[in-house]
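Text of input.pdb, listed as PDB, C-alpha atoms, pLDDT in the B column:
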ATOM      1  CA  GLY Y   1       3.298  -2.823   9.504  1.00 84.00           C
ATOM      2  CA  THR Y   2       3.668  -2.453  13.251  1.00 86.00           C
ATOM      3  CA  LYS Y   3       5.015   1.076  12.903  1.00 90.00           C
ATOM      4  CA  ILE Y   4       1.986   2.101  10.852  1.00 89.00           C
ATOM      5  CA  VAL Y   5      -0.335   0.816  13.581  1.00 88.00           C
ATOM      6  CA  LEU Y   6       1.734   2.577  16.256  1.00 88.00           C
ATOM      7  CA  SER Y   7       1.627   5.851  14.301  1.00 89.00           C
ATOM      8  CA  LYS Y   8      -2.148   5.944  14.912  1.00 87.00           C
ATOM      9  CA  ASP Y   9      -1.776   7.486  18.364  1.00 85.00           C
ATOM     10  CA  PHE Y  10       0.318  10.311  16.976  1.00 85.00           C
ATOM     11  CA  LEU Y  11      -1.971  10.928  14.002  1.00 81.00           C
ATOM     12  CA  GLU Y  12      -5.281  10.641  15.837  1.00 81.00           C
ATOM     13  CA  LYS Y  13      -4.369  11.837  19.341  1.00 79.00           C
ATOM     14  CA  SER Y  14      -1.133  13.803  18.823  1.00 79.00           C
ATOM     15  CA  THR Y  15       0.645  11.598  21.360  1.00 82.00           C
ATOM     16  CA  GLN Y  16       4.195  12.884  20.929  1.00 86.00           C
ATOM     17  CA  GLU Y  17       5.862   9.644  22.037  1.00 87.00           C
ATOM     18  CA  PHE Y  18       4.562   8.072  18.817  1.00 84.00           C
ATOM     19  CA  GLN Y  19       5.809  10.750  16.409  1.00 87.00           C
ATOM     20  CA  ALA Y  20       8.838   8.644  15.433  1.00 90.00           C
ATOM     21  CA  TYR Y  21       6.471   5.957  14.173  1.00 90.00           C
ATOM     22  CA  LYS Y  22       4.884   8.454  11.792  1.00 90.00           C
ATOM     23  CA  VAL Y  23       8.323   9.270  10.411  1.00 91.00           C
ATOM     24  CA  HIS Y  24       9.103   5.569   9.920  1.00 93.00           C
ATOM     25  CA  SER Y  25       5.676   4.979   8.380  1.00 94.00           C
ATOM     26  CA  ASP Y  26       6.085   7.922   5.999  1.00 94.00           C
ATOM     27  CA  ASN Y  27       9.450   6.521   4.899  1.00 95.00           C
ATOM     28  CA  TYR Y  28       7.935   3.131   4.109  1.00 95.00           C
ATOM     29  CA  ILE Y  29       4.916   4.597   2.302  1.00 96.00           C
ATOM     30  CA  CYS Y  30       7.136   7.006   0.354  1.00 97.00           C
ATOM     31  CA  SER Y  31       9.192   4.064  -0.884  1.00 96.00           C
ATOM     32  CA  LEU Y  32       6.020   2.691  -2.551  1.00 96.00           C
ATOM     33  CA  ILE Y  33       4.793   5.882  -4.254  1.00 97.00           C
ATOM     34  CA  PRO Y  34       5.990   6.429  -7.820  1.00 95.00           C
ATOM     35  CA  GLY Y  35       7.144  10.034  -8.145  1.00 94.00           C
ATOM     36  CA  SER Y  36       8.220  10.245  -4.523  1.00 96.00           C
ATOM     37  CA  PRO Y  37      11.827  11.388  -3.987  1.00 95.00           C
ATOM     38  CA  SER Y  38      12.414   8.240  -1.902  1.00 94.00           C
ATOM     39  CA  PHE Y  39      10.627   5.836  -4.262  1.00 95.00           C
ATOM     40  CA  GLN Y  40      12.325   2.419  -4.158  1.00 95.00           C
ATOM     41  CA  ALA Y  41       9.660  -0.161  -5.000  1.00 94.00           C
ATOM     42  CA  GLN Y  42       9.537  -2.112  -8.215  1.00 93.00           C
ATOM     43  CA  TYR Y  43       6.445  -2.410 -10.379  1.00 94.00           C
ATOM     44  CA  THR Y  44       5.818  -4.767 -13.267  1.00 93.00           C
ATOM     45  CA  PRO Y  45       5.266  -3.170 -16.697  1.00 94.00           C
ATOM     46  CA  GLY Y  46       1.526  -3.716 -16.101  1.00 94.00           C
ATOM     47  CA  GLY Y  47       1.635  -1.834 -12.791  1.00 95.00           C
ATOM     48  CA  LEU Y  48       1.723  -4.545 -10.103  1.00 95.00           C
ATOM     49  CA  LEU Y  49       3.935  -3.904  -7.107  1.00 94.00           C
ATOM     50  CA  PHE Y  50       6.738  -6.437  -7.359  1.00 90.00           C
ATOM     51  CA  LYS Y  51       9.067  -7.932  -4.814  1.00 83.00           C
ATOM     52  CA  GLY Y  52      11.271 -10.785  -5.917  1.00 75.00           C
ATOM     53  CA  SER Y  53       9.788 -13.694  -4.018  1.00 70.00           C
ATOM     54  CA  GLU Y  54       7.692 -16.781  -4.557  1.00 68.00           C
ATOM     55  CA  SER Y  55       4.559 -15.262  -3.018  1.00 69.00           C
ATOM     56  CA  ASN Y  56       4.342 -11.830  -4.576  1.00 84.00           C
ATOM     57  CA  LEU Y  57       0.589 -11.345  -4.138  1.00 90.00           C
ATOM     58  CA  GLN Y  58       0.940 -11.730  -0.372  1.00 91.00           C
ATOM     59  CA  TYR Y  59       3.336  -8.780  -0.452  1.00 91.00           C
ATOM     60  CA  VAL Y  60       0.994  -6.786  -2.703  1.00 94.00           C
ATOM     61  CA  THR Y  61      -2.104  -7.423  -0.598  1.00 95.00           C
ATOM     62  CA  SER Y  62      -0.373  -6.666   2.708  1.00 94.00           C
ATOM     63  CA  SER Y  63       1.192  -3.485   1.262  1.00 95.00           C
ATOM     64  CA  SER Y  64      -2.228  -2.430  -0.055  1.00 97.00           C
ATOM     65  CA  PHE Y  65      -3.731  -3.057   3.377  1.00 96.00           C
ATOM     66  CA  LEU Y  66      -1.041  -0.905   4.994  1.00 96.00           C
ATOM     67  CA  LEU Y  67      -1.605   1.876   2.444  1.00 97.00           C
ATOM     68  CA  LEU Y  68      -5.339   1.885   3.236  1.00 97.00           C
ATOM     69  CA  THR Y  69      -4.798   1.704   6.990  1.00 95.00           C
ATOM     70  CA  TYR Y  70      -2.349   4.599   6.929  1.00 94.00           C
ATOM     71  CA  ALA Y  71      -4.677   6.617   4.693  1.00 96.00           C
ATOM     72  CA  LYS Y  72      -7.434   6.134   7.275  1.00 95.00           C
ATOM     73  CA  TYR Y  73      -5.178   7.393  10.065  1.00 93.00           C
ATOM     74  CA  LEU Y  74      -4.047  10.364   7.968  1.00 93.00           C
ATOM     75  CA  ARG Y  75      -7.634  11.349   7.176  1.00 92.00           C
ATOM     76  CA  SER Y  76      -8.466  11.534  10.874  1.00 87.00           C
ATOM     77  CA  ASN Y  77      -6.526  14.796  11.133  1.00 82.00           C
ATOM     78  CA  GLY Y  78      -6.027  15.971   7.555  1.00 82.00           C
ATOM     79  CA  GLY Y  79      -2.457  14.677   7.579  1.00 85.00           C
ATOM     80  CA  VAL Y  80      -0.238  13.939   4.622  1.00 92.00           C
ATOM     81  CA  VAL Y  81       2.679  11.643   3.915  1.00 95.00           C
ATOM     82  CA  SER Y  82       5.906  13.639   3.924  1.00 93.00           C
ATOM     83  CA  CYS Y  83       8.411  12.422   1.357  1.00 95.00           C
ATOM     84  CA  GLY Y  84      11.248  14.897   1.491  1.00 93.00           C
ATOM     85  CA  SER Y  85       9.962  18.033  -0.215  1.00 93.00           C
ATOM     86  CA  SER Y  86       6.911  16.211  -1.593  1.00 95.00           C
ATOM     87  CA  ARG Y  87       3.604  15.735   0.216  1.00 96.00           C
ATOM     88  CA  PHE Y  88       0.998  13.119  -0.634  1.00 97.00           C
ATOM     89  CA  PRO Y  89      -2.570  13.206   0.718  1.00 96.00           C
ATOM     90  CA  ALA Y  90      -4.445  10.144   1.935  1.00 96.00           C
ATOM     91  CA  ASN Y  91      -6.356   9.826  -1.337  1.00 96.00           C
ATOM     92  CA  LYS Y  92      -3.056   9.150  -3.175  1.00 97.00           C
ATOM     93  CA  LEU Y  93      -2.496   6.130  -0.926  1.00 97.00           C
ATOM     94  CA  VAL Y  94      -6.042   4.899  -1.527  1.00 98.00           C
ATOM     95  CA  GLU Y  95      -5.563   5.317  -5.288  1.00 98.00           C
ATOM     96  CA  LEU Y  96      -2.338   3.293  -5.213  1.00 98.00           C
ATOM     97  CA  ALA Y  97      -3.917   0.518  -3.129  1.00 98.00           C
ATOM     98  CA  ARG Y  98      -6.978   0.443  -5.392  1.00 98.00           C
ATOM     99  CA  LYS Y  99      -4.778   0.004  -8.479  1.00 98.00           C
ATOM    100  CA  GLN Y 100      -3.125  -2.996  -6.845  1.00 97.00           C
ATOM    101  CA  VAL Y 101      -6.425  -4.618  -5.881  1.00 97.00           C
ATOM    102  CA  ASP Y 102      -7.906  -3.913  -9.317  1.00 97.00           C
ATOM    103  CA  TYR Y 103      -4.871  -5.530 -10.913  1.00 97.00           C
ATOM    104  CA  ILE Y 104      -5.292  -8.663  -8.779  1.00 95.00           C
ATOM    105  CA  LEU Y 105      -8.994  -8.829  -9.628  1.00 96.00           C
ATOM    106  CA  GLY Y 106      -8.468  -8.656 -13.383  1.00 96.00           C
ATOM    107  CA  ASP Y 107      -7.606  -5.110 -14.473  1.00 96.00           C
ATOM    108  CA  ASN Y 108      -4.224  -6.206 -15.806  1.00 96.00           C
ATOM    109  CA  PRO Y 109      -2.617  -6.894 -19.196  1.00 96.00           C
ATOM    110  CA  ALA Y 110      -3.652 -10.575 -19.103  1.00 94.00           C
ATOM    111  CA  LYS Y 111      -7.250  -9.646 -18.179  1.00 96.00           C
ATOM    112  CA  ILE Y 112      -7.271 -12.476 -15.630  1.00 95.00           C
ATOM    113  CA  SER Y 113      -8.317 -12.402 -12.003  1.00 95.00           C
ATOM    114  CA  TYR Y 114      -5.663 -13.838  -9.726  1.00 90.00           C
ATOM    115  CA  MET Y 115      -8.354 -14.538  -7.130  1.00 89.00           C
ATOM    116  CA  VAL Y 116      -9.678 -18.008  -7.807  1.00 87.00           C
ATOM    117  CA  GLY Y 117     -13.403 -17.910  -8.455  1.00 87.00           C
ATOM    118  CA  PHE Y 118     -13.596 -14.153  -9.002  1.00 88.00           C
ATOM    119  CA  GLY Y 119     -14.514 -12.693 -12.381  1.00 87.00           C
ATOM    120  CA  GLN Y 120     -14.908 -14.215 -15.827  1.00 87.00           C
ATOM    121  CA  LYS Y 121     -11.370 -15.570 -16.146  1.00 89.00           C
ATOM    122  CA  TYR Y 122      -9.271 -16.911 -13.273  1.00 87.00           C
ATOM    123  CA  PRO Y 123      -6.753 -19.708 -12.580  1.00 84.00           C
ATOM    124  CA  LEU Y 124      -8.317 -23.148 -12.718  1.00 83.00           C
ATOM    125  CA  ARG Y 125      -5.444 -25.317 -11.524  1.00 81.00           C
ATOM    126  CA  VAL Y 126      -3.904 -23.826  -8.431  1.00 77.00           C
ATOM    127  CA  HIS Y 127      -0.936 -25.678  -6.976  1.00 72.00           C
TER     128      HIS Y 127
END

Show the structure stored in the file as structure tokens.
Amino acid sequence: GTKIVLSKDFLEKSTQEFQAYKVHSDNYICSLIPGSPSFQAQYTPGGLLFKGSESNLQYVTSSSFLLLTYAKYLRSNGGVVSCGSSRFPANKLVELARKQVDYILGDNPAKISYMVGFGQKYPLRVH
């Protein structure tokens, strides 16, 4: 996350000292994008980003936040994410983040919102 924030100065102001952070940020973002040559993330069959841990939605929400933040920085100068020979525009990152948020809010195979109190159907007994 820190590298994405530090890439802002390169993307918005072309500060060369921060170019390495764009490279690191691209590598992380590329690992999340299905179809990217450096794709490494796991997704559930329903489409939720998955990392084997006890608090998966924290990972999903923070990754979605980073996708949106990086997309904002990229849009400031018409930049793209470079994934080897593939290029992904900012709107691809927004689309991926939106799918994750929509899944959490109920657009998922179980048709349940994982945010307590949101939507028609949500968990009633949270630990």

Pick from Y:Leu93, Y:Leu105, Y:Ile112, Y:Leu124, whichever lies nearest to Val81 (chain Y) using all atoms listed in the file
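With all atoms listed in the file as the atom set, the closest residue is Y:Leu93.
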
With 8 Å of padding per side, what axis-aligned box (centre and edge lengths, Å, one decimal) covers all the listed atoms of region 29-35 of chain Y? Give it as JSON.
{"center_x": 7.0, "center_y": 6.4, "center_z": -2.9, "size_x": 20.4, "size_y": 23.3, "size_z": 26.4}

Take the PyMOL selection byres ((chain Y and resi 42) around 12), run it mentally on this structure, and tell me the resulting residues as an MDAnalysis selection string.
chainID Y and resid 31:34 39:41 43:52 56 59:60

For the structure provided, state which residues fall under the PyMOL selection byres ((chain Y and resi 126) around 12), and present them as a PyMOL selection string.
chain Y and resi 114-117+122-125+127

Residue among Y:Leu6, Y:Ala97, Y:Leu11, Y:Ala20 lying closest to Ser63 (chain Y), counting all atoms listed in the file:
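Residue with the minimum atom-to-atom distance to Ser63 (chain Y): Y:Ala97.
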